[in-house]
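Q: Just dropping this structure here.
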Amino acid sequence: MKLREQMPELTGATTWLNGEVTKAQLVGEKPTLIHFWSVSCHLCKEAMPEVNNFRDQYKDELNVIAVHMPRSEADTDLDTIKAVAAEHDITQPIFVDSEMKLTDAFENQYVPAYFVFDKDGQLRHMQAGGSGMKMLEKRVNRVLDEMRNA
């Protein structure tokens with residue numbers, strides 16, 4: 001995806017965990033952080049407490065959606081996904097993308113990966129890898145400040 005592109009529709013999930021959301025429910029009200037992770041990704045698990053802190057800290061101002069992107073056939077086991085999600089306190093909606101439909105729509109190849117959309121659904125920031133949570137927080141705050149000052 002390129003900056004300023006519209007958020008893709010959240011369709012093609014194998015299943016949803018922790019409730020289902022649509023693009024229409026996310027866009028218009030507040031910015032959205034969509035993060036890609038995988039049960040076999042060590043960096044994802046290391047970053048999850050920070051993602052969860054983020055989710056809790058900004059719960060009134062930011063939508064947070066998780067996308068489970070499998071890296072192998074073994075990663076598509078739903079019981080494993082549920083167990084790892086519970087173990088790492090992923091309470092936000094999880095789009096289980098075992099057929100890689102949303103992953104392809106986002107043109108994403110990485111886990112963890114983070115996509116920040118403004119309240120109008122435009123991509124404002126994307127990053128991949130296990131580090132850089134400070135940068136992510138800066139970018140989210142910039143989008144939130146724009147919204148607060150609009």
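Going through the structure tokens in order, the chains are called A, B, and so on, while each chain numbers its residues from 1 and the ligands are numbered from 1 in the order shown.
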Which residues come within 7 Å of Asn18 in chain A, counting only C-alpha atoms, excluding same-chain residues fewer than 3 positions away, as a list in words?

A: Thr91, Gln92, Pro93 and Ile94 of chain A

Q: Give me, as a tab-separated table, the closest atom pair and its distance (Å, one decimal) for every residue of range 30-63 of chain A within a cut-off of 10 Å of range 74-87 of chain A, counting only C-alpha atoms, rows sorted by chain and rising number.

A:
residue	atom	partner	partner_atom	distance
A:Ser38	CA	A:Asp75	CA	7.1
A:Val39	CA	A:Asp75	CA	6.2
A:Ser40	CA	A:Asp75	CA	6.6
A:Cys41	CA	A:Asp75	CA	9.7
A:Lys45	CA	A:Val84	CA	8.8
A:Met48	CA	A:Ala85	CA	9.7

Q: Go ahead and dump the residues you just picked, all heavy atoms, as a CSV table (one decimal), in the first residue's frame.

A:
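Contents of the output file part.csv:
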chain,number,residue,atom,x,y,z
A,38,SER,N,1.6,-13.1,13.7
A,38,SER,CA,1.5,-14.6,13.4
A,38,SER,C,1.9,-15.4,14.6
A,38,SER,O,2.8,-14.9,15.4
A,38,SER,CB,2.4,-14.9,12.2
A,38,SER,OG,2.2,-16.3,11.9
A,39,VAL,N,1.3,-16.5,14.8
A,39,VAL,CA,1.6,-17.3,16.0
A,39,VAL,C,3.0,-17.8,15.9
A,39,VAL,O,3.6,-18.1,17.0
A,39,VAL,CB,0.6,-18.6,16.1
A,39,VAL,CG1,-0.8,-18.1,16.4
A,39,VAL,CG2,0.6,-19.4,14.9
A,40,SER,N,3.6,-17.9,14.8
A,40,SER,CA,5.0,-18.4,14.7
A,40,SER,C,6.1,-17.3,14.7
A,40,SER,O,7.2,-17.6,14.5
A,40,SER,CB,5.2,-19.3,13.4
A,40,SER,OG,5.0,-18.4,12.3
A,41,CYS,N,5.6,-16.1,14.9
A,41,CYS,CA,6.5,-14.9,14.9
A,41,CYS,C,6.9,-14.5,16.3
A,41,CYS,O,6.1,-14.0,17.1
A,41,CYS,CB,5.8,-13.8,14.2
A,41,CYS,SG,6.6,-12.2,14.3
A,45,LYS,N,5.3,-11.7,19.2
A,45,LYS,CA,4.9,-12.0,20.6
A,45,LYS,C,5.6,-11.0,21.5
A,45,LYS,O,5.1,-10.6,22.5
A,45,LYS,CB,5.3,-13.4,20.9
A,45,LYS,CG,4.4,-14.4,20.2
A,45,LYS,CD,4.9,-15.8,20.4
A,45,LYS,CE,4.1,-16.8,19.5
A,45,LYS,NZ,4.6,-18.2,19.6
A,48,MET,N,3.8,-7.7,21.4
A,48,MET,CA,2.4,-7.7,21.8
A,48,MET,C,2.1,-6.9,23.1
A,48,MET,O,1.1,-6.1,23.1
A,48,MET,CB,1.9,-9.1,21.9
A,48,MET,CG,0.4,-9.2,21.6
A,48,MET,SD,-0.1,-8.4,20.0
A,48,MET,CE,0.4,-9.7,18.9

Q: Do you know which residues are at most 7 Å from Ser98 in chain A counting only C-alpha atoms, after dropping those on the same chain fewer than 2 positions away, and could you put them as a PyMOL selection string?

A: chain A and resi 14+69-70+76+96+100

Q: Counting only C-alpha atoms, which of A:Gln109, A:Asn63, A:Thr11, A:Gln57 gets nearest to Gln25 in chain A?

A: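 Looking only at the distances to Gln25 in chain A, the closest residue turns out to be A:Asn63.
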
Q: When you draw a straight line from CA of Leu136 in chain A to CA of Ile65 in chain A, how long is it in Å?

A: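 Going from CA of Leu136 in chain A over to CA of Ile65 in chain A, I get 14.9 Å.
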
Q: Determine the nearest neighbour of Phe117 in chain A from the options A:Arg55, A:Phe95, A:Arg139, A:Ser131, counting only C-alpha atoms.

A: A:Arg139

Q: Between A:Ile90, A:Val111, A:Val27, A:Ala150, which has the minimum distance to Glu9 in chain A (counting only C-alpha atoms)?

A: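 Checking each candidate against Glu9 in chain A, we get A:Val27 as the closest.
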
Q: Considering only C-alpha atoms, state which residue in the set A:Asp97, A:Ile34, A:Ala13, A:Met147 is at the smallest distance from Asp120 in chain A.

A: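 Smallest separation from Asp120 in chain A among the options: A:Met147.
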